[in-house]
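J.: Enclosed is the structure file final.txt (compact mmCIF, C-alpha atoms and all ligand atoms).
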```txt
# COMPACT_ATOMS: atom_id res chain seq x y z
CA MET A 1 0.00 0.00 0.00
CA ILE A 2 1.23 3.52 -0.87
CA ARG A 3 1.61 5.78 2.19
CA ARG A 4 2.41 9.40 1.56
CA ARG A 5 2.46 12.73 3.35
CA VAL A 6 1.36 15.14 0.64
CA THR A 7 0.78 18.79 -0.26
CA VAL A 8 -1.51 19.87 -3.10
CA LEU A 9 -0.82 23.32 -4.56
CA GLY A 10 -3.83 24.51 -6.57
CA SER A 11 -6.09 21.93 -4.89
CA THR A 12 -9.30 23.72 -5.94
CA GLY A 13 -8.60 23.52 -9.69
CA SER A 14 -9.28 20.79 -12.21
CA VAL A 15 -6.05 18.84 -11.60
CA GLY A 16 -6.12 19.59 -7.85
CA CYS A 17 -9.66 18.23 -7.41
CA SER A 18 -8.80 15.14 -9.49
CA THR A 19 -5.76 14.55 -7.27
CA LEU A 20 -7.80 14.63 -4.05
CA ASP A 21 -10.53 12.49 -5.62
CA LEU A 22 -7.97 9.90 -6.65
CA MET A 23 -6.43 9.89 -3.15
CA ALA A 24 -9.91 9.28 -1.69
CA GLN A 25 -10.50 6.42 -4.14
CA ALA A 26 -7.12 4.85 -3.36
CA GLU A 27 -7.86 5.06 0.38
CA ALA A 28 -11.33 3.57 -0.05
CA GLY A 29 -9.93 0.74 -2.19
CA GLY A 30 -7.12 0.03 0.30
CA SER A 31 -4.26 0.84 -2.12
CA GLY A 32 -3.21 4.13 -0.49
CA ALA A 33 -3.14 6.13 2.76
CA PHE A 34 -2.49 9.85 2.77
CA GLU A 35 -1.81 12.55 5.33
CA VAL A 36 -2.16 16.07 3.99
CA GLU A 37 0.26 18.79 5.07
CA ALA A 38 -1.06 21.72 3.01
CA LEU A 39 -3.77 22.62 0.52
CA THR A 40 -3.71 25.88 -1.45
CA GLY A 41 -6.36 27.52 -3.60
CA GLY A 42 -7.41 30.83 -5.11
CA ALA A 43 -10.74 32.61 -4.70
CA ASN A 44 -12.97 29.53 -4.29
CA ILE A 45 -13.01 29.57 -0.46
CA ALA A 46 -16.03 27.27 -0.19
CA ARG A 47 -14.25 24.50 -2.13
CA LEU A 48 -10.97 24.96 -0.28
CA ALA A 49 -12.78 24.81 3.08
CA GLU A 50 -14.71 21.70 2.05
CA GLN A 51 -11.44 20.00 1.02
CA ALA A 52 -9.80 21.07 4.29
CA ARG A 53 -12.67 19.65 6.34
CA ARG A 54 -12.32 16.33 4.52
CA TRP A 55 -8.49 16.04 4.57
CA LYS A 56 -7.58 17.93 7.77
CA PRO A 57 -4.31 19.44 6.46
CA ARG A 58 -2.04 21.31 8.88
CA ILE A 59 -2.61 24.45 6.82
CA ALA A 60 -4.99 25.73 4.11
CA VAL A 61 -3.91 28.76 2.10
CA THR A 62 -5.83 31.07 -0.20
CA ALA A 63 -3.88 33.15 -2.72
CA ASP A 64 -6.12 36.14 -1.95
CA PRO A 65 -5.23 38.04 1.27
CA ALA A 66 -8.64 39.77 1.20
CA ARG A 67 -10.33 36.37 1.71
CA LEU A 68 -8.35 35.30 4.80
CA GLN A 69 -11.10 36.07 7.31
CA GLU A 70 -13.64 34.23 5.18
CA LEU A 71 -11.34 31.17 5.12
CA ARG A 72 -10.76 31.42 8.91
CA ASP A 73 -14.51 31.53 9.51
CA ALA A 74 -15.11 28.57 7.20
CA LEU A 75 -12.45 26.53 9.06
CA ALA A 76 -13.56 27.48 12.59
CA GLY A 77 -13.45 24.48 14.89
CA THR A 78 -11.53 22.23 12.48
CA GLY A 79 -8.05 22.84 13.92
CA VAL A 80 -6.80 23.63 10.39
CA GLU A 81 -4.63 26.75 10.27
CA ALA A 82 -5.69 29.34 7.67
CA ALA A 83 -3.26 31.57 5.80
CA ALA A 84 -3.29 33.83 2.73
CA GLY A 85 -1.09 35.39 0.07
CA GLN A 86 1.72 34.31 -2.23
CA GLY A 87 4.27 34.24 0.63
CA ALA A 88 2.07 31.79 2.55
CA ILE A 89 1.72 29.57 -0.54
CA VAL A 90 5.51 29.47 -0.92
CA GLU A 91 5.87 28.69 2.81
CA ALA A 92 3.35 25.85 2.46
CA ALA A 93 5.22 24.51 -0.59
CA SER A 94 8.52 24.56 1.37
CA ARG A 95 7.28 22.20 4.10
CA PRO A 96 8.88 18.76 4.14
CA VAL A 97 6.57 16.07 2.75
CA ASP A 98 6.94 12.95 0.61
CA TRP A 99 5.00 14.25 -2.38
CA VAL A 100 3.88 17.62 -3.74
CA MET A 101 1.38 18.15 -6.53
CA ALA A 102 2.12 21.48 -8.27
CA ALA A 103 -1.20 22.29 -9.97
CA ILE A 104 -1.43 26.08 -9.86
CA VAL A 105 -2.12 27.49 -13.33
CA GLY A 106 0.29 29.79 -15.18
CA ALA A 107 3.54 31.46 -14.20
CA ALA A 108 1.85 32.13 -10.81
CA GLY A 109 2.83 28.55 -9.98
CA LEU A 110 6.56 29.08 -10.50
CA ARG A 111 7.63 30.29 -7.04
CA SER A 112 5.85 27.51 -5.18
CA ALA A 113 7.10 24.80 -7.58
CA TRP A 114 10.61 26.24 -7.15
CA ALA A 115 10.23 26.09 -3.36
CA ALA A 116 8.92 22.52 -3.42
CA ALA A 117 11.81 21.51 -5.69
CA SER A 118 14.35 22.06 -2.91
CA THR A 119 12.62 19.98 -0.22
CA GLY A 120 13.67 16.54 -1.47
CA ALA A 121 10.03 15.59 -2.04
CA THR A 122 8.77 13.90 -5.19
CA LEU A 123 7.47 16.79 -7.27
CA ALA A 124 4.44 15.85 -9.35
CA LEU A 125 4.47 18.70 -11.83
CA ALA A 126 1.24 19.64 -13.59
CA ASN A 127 2.18 23.33 -13.80
CA LYS A 128 3.83 23.14 -17.22
CA GLU A 129 4.46 26.89 -17.25
CA SER A 130 7.09 26.55 -14.51
CA LEU A 131 8.97 23.97 -16.57
CA VAL A 132 8.78 26.20 -19.65
CA CYS A 133 10.09 29.21 -17.67
CA CYS A 134 12.71 27.49 -15.56
CA GLY A 135 13.03 23.93 -16.86
CA PRO A 136 16.73 23.06 -16.69
CA ALA A 137 17.23 24.93 -13.40
CA LEU A 138 14.11 23.42 -11.83
CA ILE A 139 15.09 19.88 -12.87
CA GLU A 140 18.61 20.41 -11.52
CA ARG A 141 17.21 21.78 -8.23
CA VAL A 142 15.03 18.70 -7.70
CA ARG A 143 17.98 16.42 -8.49
CA ARG A 144 20.31 18.21 -6.06
CA SER A 145 17.75 18.04 -3.26
CA GLY A 146 17.49 14.26 -3.65
CA GLY A 147 13.89 14.52 -4.86
CA ARG A 148 12.34 13.31 -8.08
CA LEU A 149 10.35 15.18 -10.70
CA ILE A 150 7.44 13.27 -12.22
CA PRO A 151 5.52 14.93 -15.04
CA VAL A 152 1.73 14.98 -14.76
CA ASP A 153 0.89 16.41 -18.17
CA SER A 154 -0.61 13.37 -19.94
CA GLU A 155 1.83 13.47 -22.90
CA HIS A 156 4.88 13.70 -20.66
CA SER A 157 3.56 11.06 -18.31
CA ALA A 158 3.18 8.84 -21.38
CA ILE A 159 6.76 9.48 -22.51
CA PHE A 160 8.02 9.10 -18.92
CA GLN A 161 6.41 5.65 -18.76
CA VAL A 162 7.98 4.33 -21.99
CA PHE A 163 11.31 6.23 -21.91
CA PRO A 164 14.56 4.27 -21.33
CA HIS A 165 15.70 6.35 -18.33
CA ASP A 166 18.98 4.43 -17.97
CA ALA A 167 19.82 4.56 -21.69
CA PRO A 168 18.52 7.84 -23.18
CA GLY A 169 20.91 7.36 -26.13
CA GLN A 170 18.55 4.65 -27.41
CA VAL A 171 15.96 7.33 -28.26
CA GLU A 172 15.70 8.68 -31.80
CA LYS A 173 12.80 11.04 -31.18
CA LEU A 174 9.75 11.89 -29.11
CA ILE A 175 6.31 12.08 -30.72
CA LEU A 176 3.75 14.20 -28.90
CA THR A 177 0.13 13.56 -29.74
CA ALA A 178 -2.35 16.46 -29.88
CA SER A 179 -6.13 16.24 -29.95
CA GLY A 180 -6.23 19.24 -32.29
CA GLY A 181 -8.70 20.94 -29.93
CA PRO A 182 -12.26 22.03 -30.69
CA PHE A 183 -11.32 23.88 -33.92
CA ARG A 184 -9.30 21.19 -35.65
CA THR A 185 -11.56 21.21 -38.71
CA VAL A 186 -12.69 24.87 -38.62
CA ALA A 187 -11.68 26.94 -41.68
CA TYR A 188 -9.29 29.86 -41.10
CA GLU A 189 -11.91 32.37 -42.33
CA ALA A 190 -14.30 31.28 -39.56
CA MET A 191 -11.71 31.33 -36.76
CA GLY A 192 -11.86 35.10 -36.16
CA ALA A 193 -15.39 34.74 -34.76
CA ILE A 194 -14.55 32.03 -32.19
CA THR A 195 -15.91 32.88 -28.72
CA PRO A 196 -14.47 32.01 -25.28
CA GLU A 197 -17.44 29.67 -24.67
CA GLN A 198 -16.60 27.70 -27.83
CA ALA A 199 -12.90 27.62 -26.96
CA VAL A 200 -13.30 26.20 -23.45
CA ALA A 201 -15.58 23.37 -24.63
CA HIS A 202 -12.89 20.77 -25.32
CA PRO A 203 -14.07 17.62 -27.12
CA ASN A 204 -12.05 15.09 -25.05
CA TRP A 205 -10.65 16.65 -21.88
CA SER A 206 -12.31 18.56 -19.04
CA MET A 207 -9.79 21.21 -17.91
CA GLY A 208 -9.35 24.72 -16.46
CA ALA A 209 -10.16 27.72 -18.69
CA LYS A 210 -6.60 28.83 -19.55
CA ILE A 211 -5.34 25.41 -20.66
CA SER A 212 -8.56 24.91 -22.64
CA VAL A 213 -7.83 28.09 -24.64
CA ASP A 214 -4.21 26.92 -25.05
CA SER A 215 -5.50 23.65 -26.39
CA ALA A 216 -7.80 25.47 -28.85
CA THR A 217 -4.89 27.58 -30.22
CA MET A 218 -2.45 24.64 -29.93
CA ALA A 219 -0.19 26.88 -27.82
CA ASN A 220 -0.63 24.06 -25.31
CA LYS A 221 1.22 21.68 -27.64
CA GLY A 222 3.88 24.37 -28.09
CA LEU A 223 4.35 24.63 -24.32
CA GLU A 224 4.43 20.83 -24.17
CA MET A 225 7.14 20.66 -26.84
CA ILE A 226 9.33 22.94 -24.69
CA GLU A 227 8.40 20.94 -21.60
CA ALA A 228 9.42 17.68 -23.35
CA ALA A 229 12.72 19.16 -24.55
CA TYR A 230 13.70 20.02 -20.97
CA LEU A 231 12.31 16.93 -19.25
CA PHE A 232 13.90 14.44 -21.65
CA ASP A 233 16.87 16.54 -22.80
CA MET A 234 15.87 16.41 -26.46
CA PRO A 235 16.50 19.09 -29.16
CA ALA A 236 13.53 20.70 -30.91
CA ASP A 237 14.20 18.89 -34.21
CA ARG A 238 13.79 15.51 -32.48
CA ILE A 239 10.32 16.27 -31.10
CA ASP A 240 7.43 15.71 -33.51
CA VAL A 241 3.77 16.54 -33.06
CA VAL A 242 1.01 14.46 -34.59
CA VAL A 243 -2.70 15.26 -34.35
CA HIS A 244 -4.66 12.32 -32.96
CA PRO A 245 -8.27 13.43 -32.39
CA GLU A 246 -9.33 10.45 -30.23
CA SER A 247 -6.72 11.21 -27.49
CA ILE A 248 -6.13 7.50 -26.80
CA ILE A 249 -2.39 7.35 -27.52
CA HIS A 250 -0.96 9.96 -25.15
CA SER A 251 2.51 10.13 -26.78
CA LEU A 252 5.26 7.91 -28.17
CA VAL A 253 9.00 7.31 -28.01
CA GLU A 254 10.78 6.20 -31.18
CA TYR A 255 13.93 4.15 -30.53
CA VAL A 256 17.04 4.08 -32.77
CA ASP A 257 16.21 0.57 -33.96
CA GLY A 258 12.86 1.66 -35.42
CA SER A 259 10.74 0.36 -32.56
CA THR A 260 8.18 2.88 -31.30
CA LEU A 261 6.57 2.57 -27.86
CA ALA A 262 3.29 4.28 -27.01
CA GLN A 263 1.29 4.73 -23.81
CA MET A 264 -2.48 4.47 -24.17
CA GLY A 265 -5.63 4.98 -22.13
CA PRO A 266 -8.97 6.78 -22.18
CA PRO A 267 -8.51 10.57 -21.85
CA ASP A 268 -8.74 11.06 -18.07
CA MET A 269 -6.17 13.12 -16.14
CA LYS A 270 -6.56 10.85 -13.13
CA THR A 271 -4.47 8.19 -14.92
CA PRO A 272 -1.30 10.34 -15.22
CA ILE A 273 -1.96 11.73 -11.72
CA ALA A 274 -2.21 8.16 -10.37
CA CYS A 275 1.07 7.33 -12.10
CA ALA A 276 2.79 10.33 -10.47
CA LEU A 277 1.24 9.58 -7.07
CA ALA A 278 2.48 6.00 -6.86
CA TRP A 279 5.53 5.78 -9.16
CA PRO A 280 7.30 3.36 -9.44
CA ASP A 281 4.34 1.48 -7.95
CA ARG A 282 0.78 1.55 -9.27
CA ILE A 283 -2.44 2.23 -7.40
CA ALA A 284 -5.82 0.80 -8.29
CA TRP A 285 -8.76 3.17 -8.74
CA ALA A 286 -12.01 3.12 -10.74
CA ALA A 287 -10.12 3.90 -13.95
CA PRO A 288 -12.05 3.90 -17.21
CA LYS A 289 -10.66 1.04 -19.31
CA LEU A 290 -9.78 0.95 -22.99
CA ASP A 291 -12.14 -0.95 -25.26
CA LEU A 292 -10.19 -1.09 -28.51
CA ALA A 293 -12.82 -3.09 -30.40
CA ALA A 294 -15.46 -0.48 -29.49
CA LEU A 295 -13.11 2.30 -30.64
CA GLY A 296 -12.60 0.50 -33.95
CA ARG A 297 -9.88 2.78 -35.28
CA LEU A 298 -7.44 5.49 -34.25
CA THR A 299 -6.66 8.33 -36.65
CA PHE A 300 -3.69 10.63 -37.15
CA GLU A 301 -2.92 13.73 -39.22
CA ALA A 302 -0.16 16.33 -39.49
CA PRO A 303 -0.76 19.58 -37.56
CA ASP A 304 -1.74 22.60 -39.67
CA GLU A 305 0.76 25.28 -38.65
CA ALA A 306 -0.92 27.87 -40.89
CA ARG A 307 -4.15 27.74 -38.86
CA PHE A 308 -2.33 27.03 -35.58
CA PRO A 309 0.83 29.21 -35.72
CA ALA A 310 1.47 28.90 -31.96
CA LEU A 311 3.11 25.56 -32.59
CA LYS A 312 5.72 27.03 -34.93
CA LEU A 313 6.31 29.99 -32.59
CA ALA A 314 7.00 27.63 -29.68
CA ARG A 315 9.46 25.62 -31.76
CA GLN A 316 11.25 28.83 -32.75
CA ALA A 317 11.36 29.98 -29.10
CA LEU A 318 12.88 26.65 -28.12
CA GLN A 319 15.48 26.90 -30.89
CA VAL A 320 16.38 30.51 -29.99
CA GLY A 321 16.73 29.34 -26.39
CA GLY A 322 17.78 31.61 -23.51
CA SER A 323 14.68 33.26 -22.14
CA ALA A 324 12.62 33.02 -25.38
CA PRO A 325 10.43 30.21 -23.94
CA ILE A 326 9.64 32.46 -20.93
CA VAL A 327 8.57 35.23 -23.32
CA PHE A 328 6.46 32.77 -25.33
CA ASN A 329 4.75 31.61 -22.15
CA ALA A 330 4.15 35.10 -20.73
CA ALA A 331 2.78 36.53 -23.98
CA ASN A 332 0.57 33.50 -24.48
CA GLU A 333 -0.80 33.78 -20.94
CA VAL A 334 -1.58 37.48 -21.35
CA ALA A 335 -3.21 36.88 -24.75
CA ALA A 336 -5.23 33.83 -23.65
CA LEU A 337 -6.60 35.72 -20.62
CA ALA A 338 -7.38 38.78 -22.79
CA PHE A 339 -9.28 36.48 -25.17
CA LEU A 340 -11.23 34.99 -22.22
CA ASP A 341 -12.02 38.60 -21.11
CA ARG A 342 -13.22 39.39 -24.67
CA ARG A 343 -10.46 41.99 -25.10
CA LEU A 344 -8.75 40.09 -27.94
CA GLY A 345 -9.93 38.07 -30.93
CA PHE A 346 -9.01 34.38 -31.20
CA LEU A 347 -6.70 34.81 -34.20
CA ASN A 348 -4.84 37.65 -32.47
CA ILE A 349 -3.66 35.40 -29.63
CA ALA A 350 -0.80 34.02 -31.75
CA ALA A 351 -0.21 37.48 -33.26
CA VAL A 352 0.41 38.92 -29.76
CA VAL A 353 2.82 36.06 -29.01
CA ALA A 354 4.74 36.59 -32.27
CA ASP A 355 4.96 40.37 -31.74
CA THR A 356 6.10 40.02 -28.13
CA LEU A 357 8.76 37.48 -29.11
CA SER A 358 10.13 39.90 -31.71
CA ARG A 359 10.25 42.80 -29.23
CA VAL A 360 11.78 41.29 -26.09
CA THR A 361 15.51 40.68 -26.22
CA THR A 362 16.31 37.29 -24.80
CA SER A 363 19.21 36.37 -22.60
CA GLY A 364 20.09 33.13 -20.88
CA VAL A 365 18.64 31.92 -17.57
CA GLU A 366 21.45 30.15 -15.78
CA SER A 367 20.77 26.50 -15.21
CA GLY A 368 21.29 25.34 -11.64
CA SER A 369 21.56 28.91 -10.41
CA GLU A 370 19.86 29.86 -7.14
CA ASN A 371 18.62 32.99 -8.94
CA ALA A 372 17.05 31.22 -11.93
CA CYS A 373 13.50 31.59 -10.57
CA ASP A 374 13.93 35.34 -9.87
CA SER A 375 15.55 35.92 -13.28
CA ALA A 376 12.76 34.00 -15.03
CA LEU A 377 10.11 36.04 -13.20
CA ALA A 378 11.87 39.28 -14.19
CA VAL A 379 11.75 38.26 -17.88
CA ASP A 380 8.15 37.13 -17.38
CA ALA A 381 7.16 40.55 -15.95
CA GLU A 382 8.84 42.45 -18.79
CA ALA A 383 7.27 40.22 -21.45
CA ARG A 384 3.84 40.63 -19.83
CA ARG A 385 4.16 44.42 -19.87
CA ILE A 386 4.97 44.38 -23.60
CA ALA A 387 2.29 41.80 -24.41
CA GLU A 388 -0.35 43.86 -22.56
CA SER A 389 0.57 46.95 -24.61
CA ILE A 390 0.26 44.90 -27.83
CA VAL A 391 -3.18 43.64 -26.68
CA LEU A 392 -4.22 47.28 -26.10
CA GLY A 393 -3.06 48.11 -29.64
CA HIS A 394 -5.26 45.33 -31.06
CA ALA A 395 -8.23 46.53 -28.98
CA ALA A 396 -7.77 50.10 -30.24
CA ALA A 397 -7.59 48.85 -33.85
CA ALA A 398 -10.74 46.70 -33.52
P1 LIG B 401 -7.52 25.42 -12.97
O1 LIG B 401 -7.72 26.81 -13.45
O2 LIG B 401 -8.67 24.48 -12.96
O3 LIG B 401 -6.93 25.46 -11.47
C1 LIG B 401 -5.85 26.28 -11.13
C2 LIG B 401 -5.56 26.26 -9.63
O4 LIG B 401 -4.58 27.28 -9.37
C3 LIG B 401 -6.75 26.58 -8.74
O5 LIG B 401 -6.62 25.91 -7.51
C4 LIG B 401 -6.61 28.09 -8.53
O6 LIG B 401 -7.23 28.54 -7.35
C5 LIG B 401 -5.10 28.22 -8.42
N1 LIG B 401 -4.63 29.55 -8.79
C6 LIG B 401 -4.99 30.28 -9.88
N2 LIG B 401 -4.32 31.44 -9.91
C7 LIG B 401 -3.52 31.44 -8.81
C8 LIG B 401 -2.57 32.38 -8.29
N3 LIG B 401 -2.33 33.56 -8.88
N4 LIG B 401 -1.91 32.05 -7.16
C9 LIG B 401 -2.15 30.87 -6.53
N5 LIG B 401 -3.03 29.96 -6.97
C10 LIG B 401 -3.69 30.24 -8.11
O7 LIG B 401 -6.30 24.82 -13.82
P2 LIG B 401 -6.02 23.28 -14.19
O8 LIG B 401 -6.70 22.95 -15.45
O9 LIG B 401 -6.20 22.41 -13.00
O10 LIG B 401 -4.47 23.37 -14.56
C11 LIG B 401 -3.47 23.46 -13.56
C12 LIG B 401 -2.11 23.26 -14.22
O11 LIG B 401 -2.04 21.94 -14.73
C13 LIG B 401 -1.86 24.19 -15.42
O12 LIG B 401 -0.52 24.55 -15.45
C14 LIG B 401 -2.21 23.31 -16.61
O13 LIG B 401 -1.49 23.68 -17.78
C15 LIG B 401 -1.76 21.95 -16.12
N6 LIG B 401 -2.46 20.84 -16.76
C16 LIG B 401 -3.80 20.71 -16.61
C17 LIG B 401 -4.47 19.66 -17.23
C18 LIG B 401 -5.97 19.47 -17.08
O14 LIG B 401 -6.50 18.48 -17.57
N7 LIG B 401 -6.68 20.36 -16.41
C19 LIG B 401 -3.75 18.76 -18.02
C20 LIG B 401 -2.38 18.92 -18.13
C21 LIG B 401 -1.74 19.95 -17.49
MG MG B 402 -1.11 17.77 -22.04
```
Now that the file is in, can you turn its structure into structure tokens?
T.:
Amino acid sequence: MIRRRVTVLGSTGSVGCSTLDLMAQAEAGGSGAFEVEALTGGANIARLAEQARRWKPRIAVTADPARLQELRDALAGTGVEAAAGQGAIVEAASRPVDWVMAAIVGAAGLRSAWAAASTGATLALANKESLVCCGPALIERVRRSGGRLIPVDSEHSAIFQVFPHDAPGQVEKLILTASGGPFRTVAYEAMGAITPEQAVAHPNWSMGAKISVDSATMANKGLEMIEAAYLFDMPADRIDVVVHPESIIHSLVEYVDGSTLAQMGPPDMKTPIACALAWPDRIAWAAPKLDLAALGRLTFEAPDEARFPALKLARQALQVGGSAPIVFNAANEVAALAFLDRRLGFLNIAAVVADTLSRVTTSGVESGSENACDSALAVDAEARRIAESIVLGHAAAA
């Protein structure tokens, strides 16, 4: 049976809730036992308090200092300490535990992932943006602390499960699968009119709003290409993307001898979370099972980089290197949120990213340096400022 003392950062989000649900299922089925050190959330105090009542963590933290009293009131009589603000989230992430789930969305998750990376805990990393901004330094920090980084993103969990960790030289290339998102077959001329409601309705996966928009623009696959390059130490020209609308094959590793290994399963984030929670063991839960005969066939097509330019921009950012991936991530985050706020059209998301990339000069972020997180956040802030001004320009022109 798996026994773990755990912290869940971003526990009130899509991945966070799935993590706690899976822990409850593993406990009920007798394959796991968990003690919770800390839970952190954003503005959804009711959900955070409900989770804290169920799991009795030592501390529950909201990102919003203005909601601290509300959280205290909701936790009255439970013995759970309440705290608020980014400093309190970082403090919670720094506490010694066996396992930390980093599931805050966006670059906002970087400081806490960075803090958790030095504790020696196993870091289950869903927050892909922190890998994109600080990948080599973050990976090195986990290694030096004696911890282990396990990717939670379904594609990277797939590669992680079929990758020859002791003989990486056997790998020819990585193949990331992409669902293609809700607009895979929509003509370019119709894409300008896409609304936030249409963009967050993903055909296969149920996810938070920002990653759903990223999936619709395929910026998500771009972020994942950068994530894969850092996690598996692979150059951009040895990472392919193939569109696979059924989302059954989660990614593949091609070996030098022509053999290609894939990891498969129904599209449910609880499977990669379960893998990260128990690795190298496995826990049983009520997982949906594959029925290949019922599926009948799996289909594949090349991505269309003319309709989904974010993919090409991410590859370029990875090839330029230095802080270009941080700029890609920051501009994309600003543009995706502006689109969700109806301040930017769908097709202008990639335009904002391209413009920002051409305007911010990129330097290197030192791998393994204690300052890598601060330097990455400085580039992130500068890129955000420029991206916001470009969004304003688009709004004025509309
Ligand atoms: P979500 O929006 O559902 O949840 C985000 C969580 O972060 C919530 O708990 C929220 O309260 C918290 N949060 C938001 N802003 C914050 C801030 N400024 N400070 C502190 N906490 C903050 O997002 P999600 O879909 O669960 O995604 C979480 C991460 O996992 C993202 O990086 C995403 O790319 C990655 N991911 C998600 C999925 C998925 O299926 N949802 C799949 C792969 C990877
Ligand atoms: Mg993914």
J.: Neighbours of A:Arg238 within 8 Å (only C-alpha atoms; same-chain residues fewer than 4 positions away dropped), as a VMD selection string?
T.: chain A and resid 172 to 174 234
J.: Write out as a list of chain:residue names each polymer residue (protein, DNA or RNA) that has an atom no more than 10 Å from ligand MG 402 (chain B), with only C-alpha atoms and all ligand atoms counted.
T.: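 Counting only what the definition allows, namely only C-alpha atoms and all ligand atoms, the set is A:Ala126, A:Lys128, A:Val152, A:Asp153, A:Ser154, A:Glu155, A:His156, A:Ser157, A:Ala158, A:Leu176, A:Thr177, A:Ala178, A:Ser179, A:Trp205, A:Ile211, A:Ser215, A:Asn220, A:Lys221, A:Leu223, A:Glu224, A:Met225, A:His250, A:Ser251, A:Met269.
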J.: Let me make sure I understand: among A:Ala278, A:Ala63, A:Ala82, A:Ile89, which one has the smallest atom-to-atom distance to A:Thr7 if we use only C-alpha atoms?
T.: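 For A:Thr7, the nearest of the given residues is A:Ile89.
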J.: Do you know which residues are at most 12 Å from stretch 319-322 of chain A counting all atoms listed in the file, after dropping those on the same chain fewer than 6 positions away, and could you put them as a ChimeraX atom specification?
T.: /A:132-136,225-226,229-230,234-239,312-313,328,357-358,360-367,372,375-376,379
J.: Export C-alpha atoms of the chosen residues as an mmCIF file, in the coordinates of the input?
T.:
```cif
data_model
loop_
_atom_site.group_PDB
_atom_site.id
_atom_site.type_symbol
_atom_site.label_atom_id
_atom_site.label_comp_id
_atom_site.auth_asym_id
_atom_site.auth_seq_id
_atom_site.Cartn_x
_atom_site.Cartn_y
_atom_site.Cartn_z
ATOM 1 C CA VAL A 132 8.780 26.200 -19.650
ATOM 2 C CA CYS A 133 10.090 29.210 -17.670
ATOM 3 C CA CYS A 134 12.710 27.490 -15.560
ATOM 4 C CA GLY A 135 13.030 23.930 -16.860
ATOM 5 C CA PRO A 136 16.730 23.060 -16.690
ATOM 6 C CA MET A 225 7.140 20.660 -26.840
ATOM 7 C CA ILE A 226 9.330 22.940 -24.690
ATOM 8 C CA ALA A 229 12.720 19.160 -24.550
ATOM 9 C CA TYR A 230 13.700 20.020 -20.970
ATOM 10 C CA MET A 234 15.870 16.410 -26.460
ATOM 11 C CA PRO A 235 16.500 19.090 -29.160
ATOM 12 C CA ALA A 236 13.530 20.700 -30.910
ATOM 13 C CA ASP A 237 14.200 18.890 -34.210
ATOM 14 C CA ARG A 238 13.790 15.510 -32.480
ATOM 15 C CA ILE A 239 10.320 16.270 -31.100
ATOM 16 C CA LYS A 312 5.720 27.030 -34.930
ATOM 17 C CA LEU A 313 6.310 29.990 -32.590
ATOM 18 C CA PHE A 328 6.460 32.770 -25.330
ATOM 19 C CA LEU A 357 8.760 37.480 -29.110
ATOM 20 C CA SER A 358 10.130 39.900 -31.710
ATOM 21 C CA VAL A 360 11.780 41.290 -26.090
ATOM 22 C CA THR A 361 15.510 40.680 -26.220
ATOM 23 C CA THR A 362 16.310 37.290 -24.800
ATOM 24 C CA SER A 363 19.210 36.370 -22.600
ATOM 25 C CA GLY A 364 20.090 33.130 -20.880
ATOM 26 C CA VAL A 365 18.640 31.920 -17.570
ATOM 27 C CA GLU A 366 21.450 30.150 -15.780
ATOM 28 C CA SER A 367 20.770 26.500 -15.210
ATOM 29 C CA ALA A 372 17.050 31.220 -11.930
ATOM 30 C CA SER A 375 15.550 35.920 -13.280
ATOM 31 C CA ALA A 376 12.760 34.000 -15.030
ATOM 32 C CA VAL A 379 11.750 38.260 -17.880
#
```
J.: Write as a ChimeraX atom specification the residues around ligand LIG 401 (chain B), taking 9 Å as the cut-off and counting all atoms listed in the file.
T.: /A:9-18,40-44,48,62-64,85-86,89,102-109,112,125-130,152-155,205-212,214,220,223,268-270
J.: What's the 8 Å shell around stretch 193-201 of chain A, counting all atoms listed in the file, without same-chain residues fewer than 6 positions away, as an NGL selection string?
T.: :A and (182 or 209 or 212-213 or 216 or 339-340 or 342 or 345-346)
J.: What's the separation between atom CA of A:Val353 and atom CA of A:Ala302, in Å to one decimal place?
T.: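 About the pair atom CA of A:Val353 and atom CA of A:Ala302: they are 22.5 Å apart.
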J.: Could you work out an axis-aligned box for stretch 256-270 of chain A, taking every atom the file lists and adding 5 Å on each side, and report centre and edge lengths in Å to one decimal, as JSON?
T.:
```
{"center_x": 4.0, "center_y": 6.7, "center_z": -24.3, "size_x": 36.0, "size_y": 22.8, "size_z": 32.3}
```
J.: For A:Glu50, work out the shell of residues within 12 Å, counting all atoms listed in the file and skipping chain neighbours fewer than 2 positions away, then give it as a ChimeraX atom specification.
T.: /A:11-12,17,20,39,41,44-48,52-57,60,71,74-75,78,80
J.: Go ahead and write the residues just picked, C-alpha atoms, as a tab-separated table (two decimals), keeping the file's coordinate frame.
T.:
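File produced: out-v7.tsv:
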```tsv
chain	number	residue	atom	x	y	z
A	11	SER	CA	-6.09	21.93	-4.89
A	12	THR	CA	-9.30	23.72	-5.94
A	17	CYS	CA	-9.66	18.23	-7.41
A	20	LEU	CA	-7.80	14.63	-4.05
A	39	LEU	CA	-3.77	22.62	0.52
A	41	GLY	CA	-6.36	27.52	-3.60
A	44	ASN	CA	-12.97	29.53	-4.29
A	45	ILE	CA	-13.01	29.57	-0.46
A	46	ALA	CA	-16.03	27.27	-0.19
A	47	ARG	CA	-14.25	24.50	-2.13
A	48	LEU	CA	-10.97	24.96	-0.28
A	52	ALA	CA	-9.80	21.07	4.29
A	53	ARG	CA	-12.67	19.65	6.34
A	54	ARG	CA	-12.32	16.33	4.52
A	55	TRP	CA	-8.49	16.04	4.57
A	56	LYS	CA	-7.58	17.93	7.77
A	57	PRO	CA	-4.31	19.44	6.46
A	60	ALA	CA	-4.99	25.73	4.11
A	71	LEU	CA	-11.34	31.17	5.12
A	74	ALA	CA	-15.11	28.57	7.20
A	75	LEU	CA	-12.45	26.53	9.06
A	78	THR	CA	-11.53	22.23	12.48
A	80	VAL	CA	-6.80	23.63	10.39
```
